[in-house]
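**Student:** Hey, dropping query.cif in here, mmCIF, C-alpha atoms:
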```cif
data_input
#
loop_
_atom_site.label_atom_id
_atom_site.label_comp_id
_atom_site.auth_asym_id
_atom_site.auth_seq_id
_atom_site.Cartn_x
_atom_site.Cartn_y
_atom_site.Cartn_z
CA MET A 1 66.38 -25.41 -31.64
CA ALA A 2 62.79 -26.42 -31.01
CA ASN A 3 61.85 -22.74 -30.89
CA ALA A 4 63.61 -22.12 -34.21
CA SER A 5 61.78 -25.03 -35.84
CA LEU A 6 58.45 -23.83 -34.54
CA GLN A 7 59.18 -20.28 -35.63
CA SER A 8 59.93 -21.48 -39.17
CA PHE A 9 56.47 -22.96 -39.36
CA LEU A 10 54.94 -19.62 -38.52
CA LEU A 11 56.32 -18.26 -41.78
CA PRO A 12 54.49 -18.91 -45.11
CA GLN A 13 52.85 -22.25 -44.59
CA HIS A 14 49.86 -24.44 -45.21
CA HIS A 15 47.60 -25.36 -42.27
CA SER A 16 44.55 -27.47 -41.88
CA PHE A 17 42.15 -28.71 -39.16
CA VAL A 18 41.33 -32.37 -39.02
CA ASN A 19 38.59 -33.80 -36.79
CA ALA A 20 40.15 -36.42 -34.58
CA GLY A 21 38.54 -39.17 -32.64
CA GLY A 22 39.28 -39.97 -29.06
CA SER A 23 39.06 -37.69 -26.08
CA HIS A 24 41.05 -35.92 -23.45
CA ASP A 25 39.23 -36.01 -20.14
CA SER A 26 36.02 -36.63 -22.10
CA SER A 27 36.58 -33.42 -24.15
CA PRO A 28 36.33 -33.45 -27.98
CA SER A 29 39.54 -32.59 -29.88
CA ALA A 30 40.69 -31.30 -33.28
CA LEU A 31 44.05 -31.82 -35.00
CA LEU A 32 45.86 -28.74 -36.30
CA LYS A 33 48.47 -29.62 -38.94
CA LEU A 34 51.02 -27.02 -40.08
CA SER A 35 53.26 -27.80 -43.06
CA ASN A 36 55.75 -26.13 -45.39
CA ASN A 37 58.48 -27.25 -47.79
CA SER A 38 60.71 -28.57 -45.03
CA GLY A 39 58.19 -30.81 -43.32
CA SER A 40 55.11 -30.71 -41.11
CA ILE A 41 54.15 -30.48 -37.43
CA SER A 42 50.86 -31.34 -35.79
CA PHE A 43 49.08 -30.01 -32.66
CA ARG A 44 46.04 -31.58 -30.97
CA LEU A 45 43.59 -28.96 -29.65
CA TYR A 46 41.06 -29.74 -26.93
CA SER A 47 37.89 -27.77 -26.16
CA ASN A 48 36.77 -27.20 -22.60
CA THR A 49 33.16 -28.27 -22.11
CA SER A 50 33.19 -28.09 -18.33
CA PRO A 51 29.93 -26.58 -17.02
CA SER A 52 31.80 -24.04 -14.92
CA VAL A 53 34.40 -21.75 -16.46
CA THR A 54 36.43 -19.30 -14.43
CA THR A 55 37.77 -16.25 -16.20
CA THR A 56 40.20 -13.75 -14.81
CA SER A 57 40.06 -10.13 -15.88
CA THR A 58 43.37 -8.40 -16.44
CA ALA A 59 44.14 -4.99 -15.02
CA ASN A 60 44.02 -3.46 -18.50
CA SER A 61 40.59 -4.91 -19.30
CA SER A 62 38.06 -2.24 -20.20
CA ALA A 63 34.99 -4.50 -19.92
CA PRO A 64 32.40 -2.94 -17.58
CA THR A 65 31.52 -4.70 -14.36
CA PRO A 66 27.95 -6.03 -14.56
CA VAL A 67 25.53 -4.46 -12.08
CA THR A 68 22.60 -6.46 -10.72
CA PRO A 69 19.49 -4.27 -10.49
CA ALA A 70 17.41 -4.28 -7.32
CA ALA A 71 14.49 -6.66 -7.43
CA ALA A 72 11.46 -4.57 -8.37
CA ALA A 73 9.11 -7.31 -7.21
CA ASP A 74 10.04 -6.62 -3.59
CA SER A 75 8.90 -3.00 -3.81
CA PRO A 76 5.25 -2.23 -3.01
CA PRO A 77 3.24 -0.82 -5.93
CA SER A 78 2.84 2.94 -6.06
CA PRO A 79 -0.55 4.11 -4.76
CA SER A 80 -3.00 5.07 -7.48
CA ILE A 81 -6.73 5.31 -8.10
CA ASP A 82 -6.41 2.39 -10.51
CA LEU A 83 -4.70 0.21 -7.88
CA LEU A 84 -7.36 1.13 -5.30
CA GLY A 85 -10.10 0.16 -7.75
CA ARG A 86 -8.52 -3.24 -8.43
CA GLN A 87 -8.06 -3.98 -4.72
CA LEU A 88 -11.65 -3.04 -3.90
CA ALA A 89 -12.98 -5.04 -6.85
CA ALA A 90 -11.12 -8.04 -5.43
CA ARG A 91 -12.62 -7.32 -1.98
CA ASP A 92 -9.10 -6.87 -0.59
CA TYR A 93 -10.23 -4.26 1.91
CA ARG A 94 -7.10 -4.51 4.05
CA GLN A 95 -4.79 -3.51 1.19
CA ALA A 96 -7.34 -1.00 -0.12
CA ASP A 97 -7.31 0.72 3.26
CA ASP A 98 -3.52 1.04 3.11
CA THR A 99 -3.69 2.36 -0.45
CA THR A 100 -6.33 4.92 0.52
CA ARG A 101 -4.14 6.20 3.33
CA ALA A 102 -1.13 6.39 0.99
CA LEU A 103 -3.21 8.23 -1.61
CA LEU A 104 -4.30 10.87 0.90
CA ILE A 105 -0.66 11.44 1.85
CA GLU A 106 0.33 11.80 -1.80
CA LEU A 107 -2.60 14.08 -2.67
CA ALA A 108 -2.05 16.33 0.36
CA GLY A 109 1.25 17.62 -1.02
CA GLU A 110 5.02 17.22 -0.86
CA SER A 111 5.31 18.04 2.84
CA ALA A 112 2.88 15.27 3.75
CA GLY A 113 4.77 12.89 1.48
CA ARG A 114 8.10 13.61 3.15
CA ARG A 115 6.55 13.37 6.59
CA GLY A 116 4.61 10.19 5.92
CA TYR A 117 1.25 11.38 7.27
CA VAL A 118 -1.26 14.19 6.74
CA PHE A 119 -1.76 17.19 9.01
CA PHE A 120 -5.41 18.18 9.43
CA SER A 121 -4.57 21.55 7.87
CA GLU A 122 -3.40 19.82 4.67
CA VAL A 123 -6.74 18.16 3.91
CA GLN A 124 -7.76 21.33 2.07
CA PHE A 125 -5.10 20.62 -0.58
CA ILE A 126 -6.81 17.37 -1.61
CA SER A 127 -9.03 18.09 -4.60
CA THR A 128 -12.76 17.55 -4.44
CA GLU A 129 -12.60 15.37 -7.54
CA ASP A 130 -9.95 13.04 -6.11
CA LEU A 131 -11.69 12.61 -2.77
CA ARG A 132 -15.04 11.95 -4.44
CA THR A 133 -13.43 9.37 -6.72
CA ILE A 134 -11.93 7.53 -3.74
CA ASP A 135 -15.25 7.64 -1.93
CA LYS A 136 -17.16 6.44 -5.01
CA LEU A 137 -14.90 3.39 -5.38
CA TRP A 138 -15.41 2.42 -1.75
CA LYS A 139 -19.20 2.71 -2.06
CA GLU A 140 -19.38 0.88 -5.39
CA HIS A 141 -17.44 -2.13 -4.09
CA SER A 142 -19.21 -2.41 -0.74
CA ASN A 143 -22.86 -2.08 -1.78
CA GLY A 144 -22.88 1.41 -0.28
CA LYS A 145 -21.66 0.24 3.11
CA PHE A 146 -18.19 1.84 3.17
CA GLY A 147 -16.83 5.26 2.22
CA TYR A 148 -16.21 8.76 3.58
CA SER A 149 -19.65 10.04 2.59
CA VAL A 150 -21.21 7.11 4.49
CA GLN A 151 -19.12 8.05 7.52
CA ARG A 152 -20.15 11.68 7.14
CA ARG A 153 -23.83 10.70 7.27
CA LEU A 154 -23.29 8.54 10.37
CA TRP A 155 -21.23 11.28 12.01
CA GLU A 156 -24.07 13.75 11.48
CA LYS A 157 -26.53 11.24 12.94
CA SER A 158 -24.18 10.95 15.92
CA ARG A 159 -24.49 14.74 16.35
CA ARG A 160 -20.82 15.06 15.38
CA ASP A 161 -19.89 13.32 18.60
CA PHE A 162 -16.81 11.25 17.79
CA THR A 163 -17.26 8.77 20.61
CA ARG A 164 -20.80 8.01 19.47
CA PHE A 165 -19.54 7.83 15.91
CA PHE A 166 -16.70 5.40 16.75
CA ILE A 167 -19.15 3.08 18.49
CA LYS A 168 -21.58 3.25 15.56
CA VAL A 169 -18.97 2.37 12.92
CA GLY A 170 -17.39 -0.33 15.09
CA TRP A 171 -14.04 1.34 15.79
CA MET A 172 -14.74 0.72 19.45
CA LYS A 173 -15.90 -2.60 20.83
CA LYS A 174 -18.19 -3.32 23.73
CA LEU A 175 -16.54 -5.10 26.64
CA ASP A 176 -18.05 -8.11 28.33
CA THR A 177 -18.60 -6.42 31.68
CA GLU A 178 -21.55 -5.90 34.00
CA ILE A 179 -21.60 -2.18 33.31
CA GLU A 180 -21.61 -0.78 29.77
CA GLN A 181 -18.03 -0.20 28.70
CA TYR A 182 -16.24 0.19 25.37
CA ASN A 183 -12.63 0.06 24.31
CA TYR A 184 -10.76 0.94 21.13
CA ARG A 185 -10.00 -1.87 18.73
CA ALA A 186 -6.34 -2.81 18.25
CA PHE A 187 -5.02 -2.14 14.77
CA PRO A 188 -5.03 -4.09 12.53
CA ASP A 189 -6.14 -7.46 13.92
CA GLU A 190 -9.33 -6.39 15.68
CA PHE A 191 -10.78 -4.45 12.75
CA ILE A 192 -13.10 -6.12 10.25
CA TRP A 193 -11.59 -6.61 6.80
CA GLU A 194 -14.40 -8.68 5.28
CA MET A 195 -17.86 -7.81 4.08
CA LYS A 196 -20.23 -9.63 6.42
CA ASP A 197 -23.84 -9.16 7.43
CA ASP A 198 -22.76 -7.88 10.82
CA THR A 199 -19.96 -5.62 9.53
CA PRO A 200 -20.84 -2.13 10.82
CA GLU A 201 -21.81 0.45 8.24
CA GLY A 202 -19.03 3.00 7.70
CA HIS A 203 -16.36 0.72 9.22
CA LEU A 204 -13.94 1.48 6.37
CA PRO A 205 -11.79 3.25 5.37
CA LEU A 206 -9.98 3.94 8.63
CA THR A 207 -8.55 7.32 9.56
CA ASN A 208 -5.72 7.49 12.08
CA ALA A 209 -6.86 9.59 15.02
CA LEU A 210 -3.74 9.07 17.14
CA ARG A 211 -3.02 12.81 16.99
CA GLY A 212 -6.66 13.74 17.61
CA THR A 213 -9.88 13.88 15.63
CA GLN A 214 -9.17 17.06 13.65
CA LEU A 215 -7.86 15.12 10.65
CA LEU A 216 -10.98 12.96 10.46
CA GLY A 217 -13.19 15.97 11.08
CA ASN A 218 -11.59 17.89 8.20
CA ILE A 219 -12.00 14.91 5.87
CA LEU A 220 -15.67 14.51 6.75
CA THR A 221 -16.32 18.26 6.31
CA HIS A 222 -14.34 18.47 3.05
CA PRO A 223 -16.23 20.27 0.24
CA ALA A 224 -16.36 16.91 -1.57
CA PHE A 225 -19.05 15.82 0.91
CA GLU A 226 -20.48 19.21 1.83
CA GLU A 227 -23.67 18.96 -0.23
CA GLU A 228 -24.61 15.54 1.12
CA GLY A 229 -23.52 16.57 4.61
CA GLN A 230 -25.79 19.61 4.60
CA GLU A 231 -28.75 17.43 3.65
CA ASN A 232 -27.98 15.03 6.50
CA GLU A 233 -27.52 17.88 8.95
CA ALA A 234 -30.81 19.44 7.91
CA ALA A 235 -32.60 16.12 8.40
CA ALA A 236 -31.03 15.78 11.86
CA GLU A 237 -32.17 19.28 12.82
CA GLU A 238 -35.70 18.58 11.62
CA SER A 239 -35.77 15.43 13.72
CA ALA A 240 -34.52 17.31 16.78
CA THR A 241 -37.05 20.11 16.26
CA ALA A 242 -39.86 17.58 16.04
CA ALA A 243 -38.71 16.22 19.40
CA GLY A 244 -38.72 19.73 20.89
CA GLN A 245 -34.93 19.96 21.19
CA SER A 246 -32.35 22.21 19.61
CA LYS A 247 -29.14 21.02 18.01
CA ASP A 248 -27.06 22.40 20.87
CA ASP A 249 -29.29 20.71 23.43
CA ASN A 250 -28.67 17.36 21.78
CA LYS A 251 -24.90 17.55 21.77
CA GLY A 252 -24.32 16.19 25.25
CA ARG A 253 -27.75 15.01 26.30
CA ASP A 254 -28.52 11.39 27.22
CA ARG A 255 -24.93 10.28 26.84
CA PRO A 256 -24.08 7.33 29.09
CA LYS A 257 -21.71 8.17 31.91
CA PHE A 258 -18.89 6.14 30.38
CA MET A 259 -19.05 8.39 27.30
CA LYS A 260 -18.88 11.55 29.36
CA ASP A 261 -15.80 10.33 31.22
CA PHE A 262 -14.14 8.65 28.25
CA LYS A 263 -10.67 9.93 27.40
CA PRO A 264 -9.93 9.93 23.67
CA ASN A 265 -6.75 8.00 22.90
CA TYR A 266 -7.30 6.73 19.39
CA SER A 267 -4.51 4.44 18.22
CA PHE A 268 -5.49 3.55 14.66
#
```
Show me this structure written as structure tokens.

**Tutor:**
Amino acid sequence: MANASLQSFLLPQHHSFVNAGGSHDSSPSALLKLSNNSGSISFRLYSNTSPSVTTTSTANSSAPTPVTPAAAADSPPSPSIDLLGRQLAARDYRQADDTTRALLIELAGESAGRRGYVFFSEVQFISTEDLRTIDKLWKEHSNGKFGYSVQRRLWEKSRRDFTRFFIKVGWMKKLDTEIEQYNYRAFPDEFIWEMKDDTPEGHLPLTNALRGTQLLGNILTHPAFEEEGQENEAAAEESATAAGQSKDDNKGRDRPKFMKDFKPNYSF
């Protein structure tokens, strides 16, 4: 009977909403009044203002499931010349060193990128322009103290002897012992990441020599630095000639015994 009465009100009718005072569990309400010729019926409607609302999706719902994207802020920025310039301008030499290494991997080709490091034979694929740009940024933001061309000049002065060169640029440290001894610095804590008066010239950027010195040698002899390198080499030869020695004579002469017996095991 109640259903029949309600159903009759769903036929042609007049309905109206009336704001009602009072509350139901502190929720505002509205009064819905339905009427026709036979009478009227009223319903009180309550709105849910609870801060948490739980909805249940039906099986037939076609609404897509929201997907939360991965947080981009957690991903390191892609290496670029622009990023390297900003890091060097901020004197953030530690991050600039990482970016330089990542740039060389990217510039050396797809194989180096997949592998995660550069073979010495892949240095030739790095363009002269790119390598000179990287070197220029390092020199500009270090008052000419850092950069590959700086390292090339010091390497030539060291007669292309890598042990001499590593000592000169501070990649090896002198031990506090009675006899003269050196050891390789531990990466990264023992390297110098600040510009100080006593920071060795050519200390940065670093080149990993764990697999030998061929990678560093190919970088330093890259055509990007060939012109400057030839000038430095010529000056070194002139100096040796003035001293009555040939270039070959100089290569192993007057090296301390520890340098002759030193076993290369570069770990940076």

**Student:** Show which residues sit within 7 Å of A:Gly202, as a list in words. Count only C-alpha atoms, and ignore same-chain residues fewer than 2 positions away.

**Tutor:**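 With the cut-off at 7 Å, the set is Lys145, Phe146, Gly147, Val150, Gln151, Val169, Pro200 and Leu204 of chain A.
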
**Student:** Using only C-alpha atoms, find all polymer residues with an atom at most 9 Å away from the point (-9.0, -2.9, 4.2); report them as a ChimeraX atom specification.

**Tutor:** /A:88,91-99,191-194,204-206

**Student:** Here's the selection I'm unsure about, the PyMOL selection byres ((chain A and resi 208) around 12); applied to the file above, which residues does it give, as a VMD selection string?

**Tutor:** chain A and resid 97 to 98 100 to 101 104 117 to 120 171 187 to 188 204 to 207 209 to 217 219 265 to 268

**Student:** Selected residues, C-alpha atoms, written as a PDB file, in the frame of the given file, please.

**Tutor:**
```
ATOM      1  CA  ASP A  97      -7.310   0.720   3.260  1.00  0.00           C
ATOM      2  CA  ASP A  98      -3.520   1.040   3.110  1.00  0.00           C
ATOM      3  CA  THR A 100      -6.330   4.920   0.520  1.00  0.00           C
ATOM      4  CA  ARG A 101      -4.140   6.200   3.330  1.00  0.00           C
ATOM      5  CA  LEU A 104      -4.300  10.870   0.900  1.00  0.00           C
ATOM      6  CA  TYR A 117       1.250  11.380   7.270  1.00  0.00           C
ATOM      7  CA  VAL A 118      -1.260  14.190   6.740  1.00  0.00           C
ATOM      8  CA  PHE A 119      -1.760  17.190   9.010  1.00  0.00           C
ATOM      9  CA  PHE A 120      -5.410  18.180   9.430  1.00  0.00           C
ATOM     10  CA  TRP A 171     -14.040   1.340  15.790  1.00  0.00           C
ATOM     11  CA  PHE A 187      -5.020  -2.140  14.770  1.00  0.00           C
ATOM     12  CA  PRO A 188      -5.030  -4.090  12.530  1.00  0.00           C
ATOM     13  CA  LEU A 204     -13.940   1.480   6.370  1.00  0.00           C
ATOM     14  CA  PRO A 205     -11.790   3.250   5.370  1.00  0.00           C
ATOM     15  CA  LEU A 206      -9.980   3.940   8.630  1.00  0.00           C
ATOM     16  CA  THR A 207      -8.550   7.320   9.560  1.00  0.00           C
ATOM     17  CA  ALA A 209      -6.860   9.590  15.020  1.00  0.00           C
ATOM     18  CA  LEU A 210      -3.740   9.070  17.140  1.00  0.00           C
ATOM     19  CA  ARG A 211      -3.020  12.810  16.990  1.00  0.00           C
ATOM     20  CA  GLY A 212      -6.660  13.740  17.610  1.00  0.00           C
ATOM     21  CA  THR A 213      -9.880  13.880  15.630  1.00  0.00           C
ATOM     22  CA  GLN A 214      -9.170  17.060  13.650  1.00  0.00           C
ATOM     23  CA  LEU A 215      -7.860  15.120  10.650  1.00  0.00           C
ATOM     24  CA  LEU A 216     -10.980  12.960  10.460  1.00  0.00           C
ATOM     25  CA  GLY A 217     -13.190  15.970  11.080  1.00  0.00           C
ATOM     26  CA  ILE A 219     -12.000  14.910   5.870  1.00  0.00           C
ATOM     27  CA  ASN A 265      -6.750   8.000  22.900  1.00  0.00           C
ATOM     28  CA  TYR A 266      -7.300   6.730  19.390  1.00  0.00           C
ATOM     29  CA  SER A 267      -4.510   4.440  18.220  1.00  0.00           C
ATOM     30  CA  PHE A 268      -5.490   3.550  14.660  1.00  0.00           C
TER      31      PHE A 268
END
```

**Student:** Which of these, A:Arg185, A:His222, A:His203, A:Lys136, has the shortest distance to A:Ile81 once you count all atoms listed in the file?

**Tutor:** A:Lys136

**Student:** Using atom CA of A:Met195 and atom CA of A:Ser142 as the two end points, give the distance in Å to one decimal.

**Tutor:**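 Taking atom CA of A:Met195 and atom CA of A:Ser142, their separation equals 7.4 Å.
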
**Student:** Between A:Arg114, A:Gly109, A:Pro77, A:Leu84, which has the minimum distance to A:Asp135 (counting all atoms listed in the file)?

**Tutor:**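 Looking at the shortest contact to A:Asp135, the residue is A:Leu84.
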
**Student:** Enter the distance from atom CA of A:Glu122 to atom CA of A:Ala108, in Å, rounded to one decimal.

**Tutor:**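 We find that atom CA of A:Glu122 and atom CA of A:Ala108 lie 5.7 Å from each other.
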
**Student:** Find the residues around A:Ser158 up to 9 Å (only C-alpha atoms counted), leave out those fewer than 5 positions away in its own chain, and share them as a list in words.

**Tutor:**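 After dropping sequence-adjacent residues, the list is Arg153, Thr163, Arg164, Phe165, Lys168 and Lys251 of chain A.
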